[in-house]
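Enquirer: Before we start, here is the structure in question, set down as structure tokens.
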Amino acid sequence: MKSEKTATLRQALSWTLPTLVLASATLLLTNCSKTADTSQPGTFTSVYNQVLNQSTCVSCHSAGGAGPQAGTSLDFTSKDSAYNTLTTKYASGLAAGNACGSVRIIAAGNPQNSYFMGTLFSDYRRNNFAGATGCMPADHTQTVNLTADEKSSITQWIQNGAQNN
Ligand code: HEC
């Protein structure tokens with residue numbers, strides 16, 4: 001009876017042990033890939049790490065890039081320059097023209113009035129954007145395609161007051 005039980009236990013262990021080892025290896029791997037960005041979604045750190053600091057933005061929005069050449073004052077080279085230009089500047093690109101000149105790039109607490117949203121989120125683009133007569137934000141969605149997670153992090157960050165957090 002006793003040896004039968006031990007045999008069953010051994011058999012059970014022979015399955016459970018490798019499964020456990022596999023499971024912990026998977027956990028370890030998952031954790032490793034996450035250490036690249038540990039910031040909270042909805043903070044400026046996560047917006048910068050996940051979106052702005054990617055070559056897709058920096059390649060154009062830095063000195064000599066296509067962004068400044070088209071008149072935008074956004075500079076995503078560093079986290080500080082990104083935060084400072086985004087939160088203090090007004091729409092200034094070619095398509096913005098004079099009609100959007102009074103619209104803030106980021107209106108803290110108000111995604112609906114943030115030109116950033118108008119250019120990058122197709123569902124936010126509309127004429128007379130942010131109440132500025134004749135303002136239609138440039139369509140940036142041809143150049144950049146943000147994921148749903150990135151979009152919700154950006155929206156949350158602006159809604160929470162666009163802090164430097
Ligand atoms: C291929 C080059 C290119 C890439 C990549 C790019 N941009 Fe742009 N961006 C531009 C240009 C050019 C303009 C000006 C467009 C216009 O007004 O006609 C612009 C305008 C903008 C504006 C409006 C600024 C203003 O003052 O009018 C925002 C906001 C913006 N980009 C954010 C981003 C973000 C965020 C990314 C990355 C997710 C990004 N861009 C990637 C070239 C680029």
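Numbering starts fresh at 1 for the residues of each chain in the structure tokens, the chains themselves are lettered A, B, ... in the order given, and ligands are numbered from 1 as they appear.
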Please report as CSV every residue of chain A lying within 8 Å of ligand 1, along with the nearest atom pair and their distance in Å (one decimal), using only C-alpha atoms and all ligand atoms.

Expert:
```
residue,atom,partner,partner_atom_place_in_ligand_line,distance
A:Val51,CA,ligand 1,38 (C),5.6
A:Leu52,CA,ligand 1,35 (C),5.5
A:Gln54,CA,ligand 1,37 (C),7.3
A:Ser55,CA,ligand 1,5 (C),7.5
A:Thr56,CA,ligand 1,5 (C),4.4
A:Cys57,CA,ligand 1,37 (C),3.4
A:Val58,CA,ligand 1,41 (C),7.0
A:Ser59,CA,ligand 1,5 (C),6.2
A:Cys60,CA,ligand 1,2 (C),4.4
A:His61,CA,ligand 1,7 (N),6.1
A:Gly65,CA,ligand 1,2 (C),7.5
A:Ala66,CA,ligand 1,12 (C),4.8
A:Gly67,CA,ligand 1,11 (C),4.1
A:Pro68,CA,ligand 1,12 (C),7.4
A:Gln69,CA,ligand 1,12 (C),7.0
A:Ala70,CA,ligand 1,12 (C),5.0
A:Gly71,CA,ligand 1,14 (C),6.6
A:Thr72,CA,ligand 1,26 (O),4.1
A:Ser73,CA,ligand 1,26 (O),5.9
A:Leu74,CA,ligand 1,24 (C),6.5
A:Leu86,CA,ligand 1,29 (C),7.6
A:Lys89,CA,ligand 1,26 (O),7.4
A:Tyr90,CA,ligand 1,26 (O),6.1
A:Ala91,CA,ligand 1,26 (O),3.7
A:Ser92,CA,ligand 1,26 (O),3.6
A:Gly93,CA,ligand 1,17 (O),3.3
A:Leu94,CA,ligand 1,17 (O),3.9
A:Ala95,CA,ligand 1,17 (O),3.8
A:Ala96,CA,ligand 1,17 (O),5.1
A:Gly97,CA,ligand 1,17 (O),7.5
A:Ile105,CA,ligand 1,29 (C),6.1
A:Tyr115,CA,ligand 1,29 (C),6.3
A:Phe116,CA,ligand 1,29 (C),3.9
A:Met117,CA,ligand 1,29 (C),7.3
A:Thr119,CA,ligand 1,29 (C),6.1
A:Leu120,CA,ligand 1,32 (C),6.9
A:Pro137,CA,ligand 1,17 (O),7.7
A:Ala138,CA,ligand 1,17 (O),5.3
A:Asp139,CA,ligand 1,15 (C),7.7
A:His140,CA,ligand 1,8 (Fe),6.5
A:Thr143,CA,ligand 1,5 (C),5.8
A:Val144,CA,ligand 1,38 (C),5.4
A:Asn145,CA,ligand 1,38 (C),7.3
A:Leu146,CA,ligand 1,38 (C),6.8
```

Enquirer: Show me, as a ChimeraX atom specification, the residues that have an atom within 6 Å of segment 122-134 of chain A when counting only C-alpha atoms, minus same-chain residues fewer than 3 positions from it.

Expert: /A:99,113,118

Enquirer: Which of these, A:Val103, A:Ala82, A:Ala108, A:Met136, has the shortest distance to Val47 of chain A once you count only C-alpha atoms?

Expert: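 Of the candidates, the smallest distance to Val47 of chain A is held by A:Ala82.
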
Enquirer: Would you mind reading off the distance between atom CA of Ser81 of chain A and atom CA of Phe121 of chain A, one decimal, in Å?

Expert: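 Taking atom CA of Ser81 of chain A and atom CA of Phe121 of chain A, their separation equals 22.6 Å.
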
Enquirer: I'd like the interatomic distance between atom CA of Asn164 of chain A and atom CA of Cys135 of chain A, to a tenth of an Å.

Expert: 28.0 Å

Enquirer: Would you mind writing down, as a PyMOL selection string, each residue of segment 105-164 of chain A that DSSP on the backbone assigns to helix (DSSP H, G or I)?

Expert: chain A and resi 111-113+115-120+122-124+129-131+148-159
